[in-house]
>>> print(open('work-v3.cif').read())   # mmCIF, C-alpha atoms
data_start
loop_
_atom_site.label_atom_id
_atom_site.label_comp_id
_atom_site.auth_asym_id
_atom_site.auth_seq_id
_atom_site.Cartn_x
_atom_site.Cartn_y
_atom_site.Cartn_z
CA MET V 1 -3.34 -15.68 9.91
CA SER V 2 -0.40 -13.57 10.91
CA SER V 3 -0.33 -9.79 10.84
CA GLU V 4 3.46 -9.87 10.57
CA PRO V 5 4.89 -7.97 7.60
CA LYS V 6 6.00 -10.26 4.80
CA GLN V 7 9.71 -10.34 4.15
CA VAL V 8 10.03 -8.48 0.87
CA SER V 9 13.39 -7.71 -0.72
CA SER V 10 14.16 -4.07 -1.41
CA ASP V 11 14.19 -4.84 -5.17
CA ALA V 12 10.73 -6.48 -5.01
CA LEU V 13 9.45 -3.57 -2.93
CA LEU V 14 10.84 -1.11 -5.48
CA ASP V 15 9.13 -3.01 -8.32
CA ARG V 16 5.79 -2.95 -6.46
CA ILE V 17 6.12 0.79 -5.82
CA LEU V 18 7.01 1.56 -9.44
CA THR V 19 4.04 -0.50 -10.65
CA SER V 20 1.69 1.35 -8.29
CA LEU V 21 3.00 4.74 -9.42
CA ASP V 22 2.59 3.73 -13.08
CA ASP V 23 -0.96 2.45 -12.43
CA ASP V 24 -1.89 5.83 -10.93
CA LYS V 25 -0.37 7.83 -13.79
CA ALA V 26 2.47 9.38 -11.81
CA GLU V 27 4.79 11.32 -14.11
CA ASP V 28 8.58 11.62 -14.41
CA VAL V 29 9.23 8.68 -12.08
CA ILE V 30 12.89 8.25 -11.17
CA SER V 31 14.39 5.62 -8.90
CA ILE V 32 17.77 6.28 -7.34
CA SER V 33 19.89 3.60 -5.72
CA LEU V 34 21.06 4.74 -2.30
CA LYS V 35 23.17 1.64 -1.71
CA GLY V 36 26.53 2.86 -0.48
CA LYS V 37 25.24 6.46 -0.28
CA SER V 38 22.91 6.28 2.72
CA GLU V 39 21.99 3.95 5.55
CA MET V 40 18.36 5.14 5.61
CA ALA V 41 17.15 3.11 2.61
CA ASP V 42 18.26 1.15 -0.44
CA TYR V 43 16.27 3.23 -2.93
CA MET V 44 14.63 6.61 -3.29
CA VAL V 45 11.80 7.09 -5.76
CA ILE V 46 10.72 10.54 -6.94
CA ALA V 47 7.50 11.07 -8.87
CA THR V 48 5.18 13.89 -9.90
CA GLY V 49 1.41 14.26 -9.77
CA ARG V 50 -0.37 16.94 -11.79
CA SER V 51 -2.33 18.40 -8.86
CA SER V 52 -2.51 18.32 -5.07
CA ARG V 53 -5.45 15.95 -5.35
CA GLN V 54 -3.55 13.53 -7.60
CA VAL V 55 -0.44 13.68 -5.37
CA ALA V 56 -2.54 12.76 -2.32
CA SER V 57 -4.38 10.03 -4.24
CA ILE V 58 -1.14 8.47 -5.56
CA ALA V 59 0.26 8.42 -2.01
CA GLU V 60 -2.91 6.96 -0.48
CA LYS V 61 -3.23 4.21 -3.09
CA LEU V 62 0.47 3.34 -2.77
CA THR V 63 0.31 3.00 1.00
CA ASP V 64 -2.89 0.93 0.74
CA ARG V 65 -1.30 -1.42 -1.81
CA LEU V 66 1.87 -1.83 0.25
CA LYS V 67 -0.19 -2.70 3.30
CA GLN V 68 -2.39 -5.13 1.39
CA ASP V 69 0.32 -6.78 -0.74
CA CYS V 70 3.30 -6.70 1.62
CA GLY V 71 1.78 -6.21 5.07
CA LEU V 72 3.83 -3.02 5.25
CA ALA V 73 2.55 -0.04 7.25
CA SER V 74 4.32 2.94 5.70
CA LYS V 75 4.92 6.24 7.45
CA VAL V 76 3.42 9.15 5.49
CA GLU V 77 4.09 12.89 5.78
CA GLY V 78 2.43 15.75 3.91
CA LYS V 79 -0.61 13.97 2.44
CA ASP V 80 -3.07 16.55 3.75
CA GLN V 81 -1.35 19.41 1.87
CA GLY V 82 -0.70 17.42 -1.31
CA ASP V 83 2.32 19.48 -2.41
CA TRP V 84 4.97 16.98 -1.38
CA VAL V 85 4.19 13.63 0.16
CA LEU V 86 6.94 11.54 1.73
CA ILE V 87 6.27 7.81 2.09
CA ASP V 88 8.74 5.83 4.19
CA ALA V 89 8.31 2.23 3.07
CA GLY V 90 11.41 1.01 4.91
CA ASP V 91 13.96 0.05 2.25
CA VAL V 92 12.40 2.48 -0.24
CA ILE V 93 11.66 6.17 0.38
CA VAL V 94 9.08 7.67 -2.00
CA HIS V 95 8.58 11.37 -2.71
CA VAL V 96 5.51 12.46 -4.69
CA PHE V 97 5.48 16.13 -5.69
CA ARG V 98 3.41 18.66 -7.54
CA PRO V 99 5.53 19.81 -10.52
CA GLU V 100 6.45 23.27 -9.13
CA VAL V 101 7.46 21.86 -5.76
CA ARG V 102 9.62 19.16 -7.35
CA GLU V 103 11.32 21.75 -9.54
CA PHE V 104 12.01 23.94 -6.50
CA TYR V 105 13.62 21.22 -4.35
CA GLN V 106 15.37 19.24 -7.11
CA LEU V 107 16.03 16.20 -4.90
CA GLU V 108 17.31 14.20 -7.86
CA LYS V 109 20.33 16.46 -8.21
CA MET V 110 21.14 16.06 -4.54
CA TRP V 111 21.16 12.24 -4.58
CA MET V 112 22.18 11.24 -8.10
CA ASN V 113 25.72 11.13 -9.39
CA PRO V 114 26.40 13.96 -11.90
CA GLY V 115 26.24 11.58 -14.91
CA GLU V 116 22.99 10.06 -13.69
CA ALA V 117 21.41 13.47 -13.15
CA ALA V 118 22.32 14.62 -16.67
CA ALA V 119 20.86 11.41 -18.16
CA ALA V 120 17.66 11.80 -16.13
CA GLU V 121 17.08 15.29 -17.54
CA THR V 122 17.06 14.08 -21.14
#
>>> encode(input="work-v3.cif", output="C-alpha coordinates")
Amino acid sequence: MSSEPKQVSSDALLDRILTSLDDDKAEDVISISLKGKSEMADYMVIATGRSSRQVASIAEKLTDRLKQDCGLASKVEGKDQGDWVLIDAGDVIVHVFRPEVREFYQLEKMWMNPGEAAAAET
(Lines of atoms letter the chains of each structure in order from A and count residues from 1; the text may use other names and numbers.)
(Lines give C-alpha, C1' and ligand atoms only; values in the text may rest on other atoms or scores of the structure.)
Protein backbone atom coordinates (compact mmCIF):
# COMPACT_ATOMS: atom_id res chain seq x y z
CA MET A 1 0.00 0.00 0.00
CA SER A 2 1.25 3.42 -0.90
CA SER A 3 0.82 6.51 1.24
CA GLU A 4 1.18 8.69 -1.84
CA PRO A 5 -1.69 11.12 -2.43
CA LYS A 6 -4.03 9.98 -5.18
CA GLN A 7 -4.05 12.13 -8.28
CA VAL A 8 -7.40 13.87 -8.08
CA SER A 9 -8.48 16.51 -10.58
CA SER A 10 -9.40 19.91 -9.19
CA ASP A 11 -13.00 19.38 -10.39
CA ALA A 12 -13.25 16.00 -8.59
CA LEU A 13 -11.71 17.55 -5.48
CA LEU A 14 -14.24 20.40 -5.63
CA ASP A 15 -17.11 17.90 -5.93
CA ARG A 16 -15.84 15.94 -2.91
CA ILE A 17 -15.53 19.14 -0.86
CA LEU A 18 -19.02 20.35 -1.81
CA THR A 19 -20.49 16.94 -0.90
CA SER A 20 -18.75 17.00 2.49
CA LEU A 21 -19.98 20.53 3.22
CA ASP A 22 -23.53 19.53 2.25
CA ASP A 23 -23.35 16.39 4.42
CA ASP A 24 -22.37 18.53 7.42
CA LYS A 25 -25.13 21.10 6.85
CA ALA A 26 -22.87 24.00 5.89
CA GLU A 27 -24.95 26.96 4.75
CA ASP A 28 -24.64 29.46 1.89
CA VAL A 29 -21.96 27.44 0.10
CA ILE A 30 -20.42 29.25 -2.86
CA SER A 31 -17.68 27.97 -5.15
CA ILE A 32 -15.66 30.49 -7.12
CA SER A 33 -13.46 29.56 -10.06
CA LEU A 34 -10.02 31.11 -9.66
CA LYS A 35 -8.79 29.86 -13.02
CA GLY A 36 -7.15 32.81 -14.72
CA LYS A 37 -7.52 34.94 -11.56
CA SER A 38 -4.95 33.37 -9.25
CA GLU A 39 -2.09 30.90 -9.35
CA MET A 40 -2.74 29.70 -5.78
CA ALA A 41 -5.68 27.39 -6.58
CA ASP A 42 -8.30 26.53 -9.19
CA TYR A 43 -11.28 27.07 -6.88
CA MET A 44 -12.24 28.83 -3.68
CA VAL A 45 -15.17 27.57 -1.64
CA ILE A 46 -16.86 29.73 0.99
CA ALA A 47 -19.34 28.28 3.48
CA THR A 48 -21.01 29.20 6.75
CA GLY A 49 -21.54 27.26 9.96
CA ARG A 50 -24.08 28.39 12.55
CA SER A 51 -21.68 28.36 15.52
CA SER A 52 -17.98 28.12 16.34
CA ARG A 53 -18.50 24.48 17.21
CA GLN A 54 -20.15 23.70 13.87
CA VAL A 55 -17.47 25.62 11.93
CA ALA A 56 -14.73 23.59 13.64
CA SER A 57 -16.64 20.33 13.12
CA ILE A 58 -17.24 21.01 9.41
CA ALA A 59 -13.53 21.74 8.95
CA GLU A 60 -12.40 18.67 10.89
CA LYS A 61 -14.73 16.30 9.03
CA LEU A 62 -13.73 17.78 5.67
CA THR A 63 -10.02 17.36 6.32
CA ASP A 64 -10.59 13.80 7.59
CA ARG A 65 -12.60 12.89 4.47
CA LEU A 66 -10.01 14.41 2.12
CA LYS A 67 -7.27 12.43 3.83
CA GLN A 68 -9.27 9.20 3.78
CA ASP A 69 -10.75 9.52 0.26
CA CYS A 70 -7.95 11.31 -1.58
CA GLY A 71 -4.86 10.74 0.57
CA LEU A 72 -4.67 14.52 0.85
CA ALA A 73 -3.21 16.12 3.98
CA SER A 74 -4.75 19.60 4.03
CA LYS A 75 -3.26 22.59 5.82
CA VAL A 76 -5.72 24.08 8.32
CA GLU A 77 -5.70 27.48 10.04
CA GLY A 78 -8.10 28.83 12.66
CA LYS A 79 -9.86 25.62 13.73
CA ASP A 80 -9.23 26.22 17.44
CA GLN A 81 -11.09 29.58 17.39
CA GLY A 82 -13.90 28.42 15.10
CA ASP A 83 -14.69 31.88 13.71
CA TRP A 84 -12.99 31.42 10.36
CA VAL A 85 -11.27 28.23 9.31
CA LEU A 86 -9.08 28.15 6.22
CA ILE A 87 -8.45 24.74 4.64
CA ASP A 88 -5.79 24.57 1.94
CA ALA A 89 -6.59 21.44 -0.04
CA GLY A 90 -4.16 22.26 -2.84
CA ASP A 91 -6.25 23.04 -5.92
CA VAL A 92 -9.19 24.13 -3.75
CA ILE A 93 -9.08 26.64 -0.89
CA VAL A 94 -11.99 26.36 1.56
CA HIS A 95 -13.14 29.06 3.98
CA VAL A 96 -15.70 28.16 6.66
CA PHE A 97 -17.05 31.11 8.63
CA ARG A 98 -19.46 31.95 11.39
CA PRO A 99 -22.16 34.19 9.82
CA GLU A 100 -20.99 37.49 11.38
CA VAL A 101 -17.37 36.90 10.40
CA ARG A 102 -18.31 36.03 6.82
CA GLU A 103 -20.44 39.16 6.57
CA PHE A 104 -17.56 41.29 7.89
CA TYR A 105 -14.92 40.01 5.45
CA GLN A 106 -17.13 39.50 2.37
CA LEU A 107 -14.55 37.40 0.50
CA GLU A 108 -17.04 36.60 -2.23
CA LYS A 109 -17.12 40.22 -3.36
CA MET A 110 -13.34 40.31 -3.54
CA TRP A 111 -13.00 37.25 -5.79
CA MET A 112 -16.18 37.11 -7.86
CA ASN A 113 -16.86 39.14 -10.96
CA PRO A 114 -19.49 41.86 -10.32
CA GLY A 115 -22.23 39.91 -12.17
CA GLU A 116 -21.42 36.73 -10.25
CA ALA A 117 -21.49 38.53 -6.91
CA ALA A 118 -24.91 40.06 -7.63
CA ALA A 119 -26.29 36.63 -8.65
CA ALA A 120 -24.86 35.02 -5.50
CA GLU A 121 -26.69 37.50 -3.28
CA THR A 122 -30.10 36.58 -4.66
>>> resolve_selection(input="work-v3.cif", expression="the PyMOL selection byres ((chain V and resi 20) around 10)", output="ChimeraX atom specification")
/V:14-19,21-26,58-59,61-63,65-66
>>> write_last_selection(input="work-v3.cif", atoms="C-alpha atoms", output="mmCIF file, keeping the file's coordinate frame")
data_model
loop_
_atom_site.group_PDB
_atom_site.id
_atom_site.type_symbol
_atom_site.label_atom_id
_atom_site.label_comp_id
_atom_site.auth_asym_id
_atom_site.auth_seq_id
_atom_site.Cartn_x
_atom_site.Cartn_y
_atom_site.Cartn_z
ATOM 1 C CA LEU V 14 10.840 -1.110 -5.480
ATOM 2 C CA ASP V 15 9.130 -3.010 -8.320
ATOM 3 C CA ARG V 16 5.790 -2.950 -6.460
ATOM 4 C CA ILE V 17 6.120 0.790 -5.820
ATOM 5 C CA LEU V 18 7.010 1.560 -9.440
ATOM 6 C CA THR V 19 4.040 -0.500 -10.650
ATOM 7 C CA LEU V 21 3.000 4.740 -9.420
ATOM 8 C CA ASP V 22 2.590 3.730 -13.080
ATOM 9 C CA ASP V 23 -0.960 2.450 -12.430
ATOM 10 C CA ASP V 24 -1.890 5.830 -10.930
ATOM 11 C CA LYS V 25 -0.370 7.830 -13.790
ATOM 12 C CA ALA V 26 2.470 9.380 -11.810
ATOM 13 C CA ILE V 58 -1.140 8.470 -5.560
ATOM 14 C CA ALA V 59 0.260 8.420 -2.010
ATOM 15 C CA LYS V 61 -3.230 4.210 -3.090
ATOM 16 C CA LEU V 62 0.470 3.340 -2.770
ATOM 17 C CA THR V 63 0.310 3.000 1.000
ATOM 18 C CA ARG V 65 -1.300 -1.420 -1.810
ATOM 19 C CA LEU V 66 1.870 -1.830 0.250
#
>>> resolve_selection(input="work-v3.cif", expression="the PyMOL selection byres ((chain V and resi 35) around 12)", output="count of residues only")
18
>>> atom_distance(input="work-v3.cif", atom1="CA of Lys75 in chain V", atom2="CA of Lys109 in chain V")
24.2 Å
>>> resolve_selection(input="work-v3.cif", expression="the PyMOL selection byres ((chain V and resi 46) around 9)", output="list of chain:residue names")
V:Asp28, V:Val29, V:Ile30, V:Ser31, V:Ile32, V:Met44, V:Val45, V:Ala47, V:Thr48, V:Ile93, V:Val94, V:His95, V:Val96, V:Phe97, V:Arg102, V:Leu107, V:Glu108
>>> closest_residue(input="work-v3.cif", among="V:Glu77, V:Ser9, V:Val101, V:Ala89", to="Asp64 in chain V", atoms="only C-alpha atoms")
V:Ala89
>>> atom_distance(input="work-v3.cif", atom1="CA of Ser52 in chain V", atom2="CA of Leu13 in chain V")
25.0 Å
>>> atom_distance(input="work-v3.cif", atom1="CA of Gly90 in chain V", atom2="CA of Asn113 in chain V")
22.6 Å
>>> closest_residue(input="work-v3.cif", among="V:Gln81, V:Ile87, V:Pro99, V:Arg53", to="Glu27 in chain V", atoms="all atoms listed in the file")
V:Pro99
>>> closest_residue(input="work-v3.cif", among="V:Met110, V:Ala56, V:Val85, V:Val8", to="Gly71 in chain V", atoms="only C-alpha atoms")
V:Val8
>>> closest_residue(input="work-v3.cif", among="V:Ser51, V:Gln7, V:Glu60, V:Leu86", to="Leu72 in chain V", atoms="only C-alpha atoms")
V:Gln7
>>> closest_residue(input="work-v3.cif", among="V:Lys67, V:Gln106, V:Glu100, V:Val55", to="Lys79 in chain V", atoms="only C-alpha atoms")
V:Val55
>>> closest_residue(input="work-v3.cif", among="V:Asp83, V:Asp88, V:Ala12, V:Glu103", to="Gln54 in chain V", atoms="all atoms listed in the file")
V:Asp83
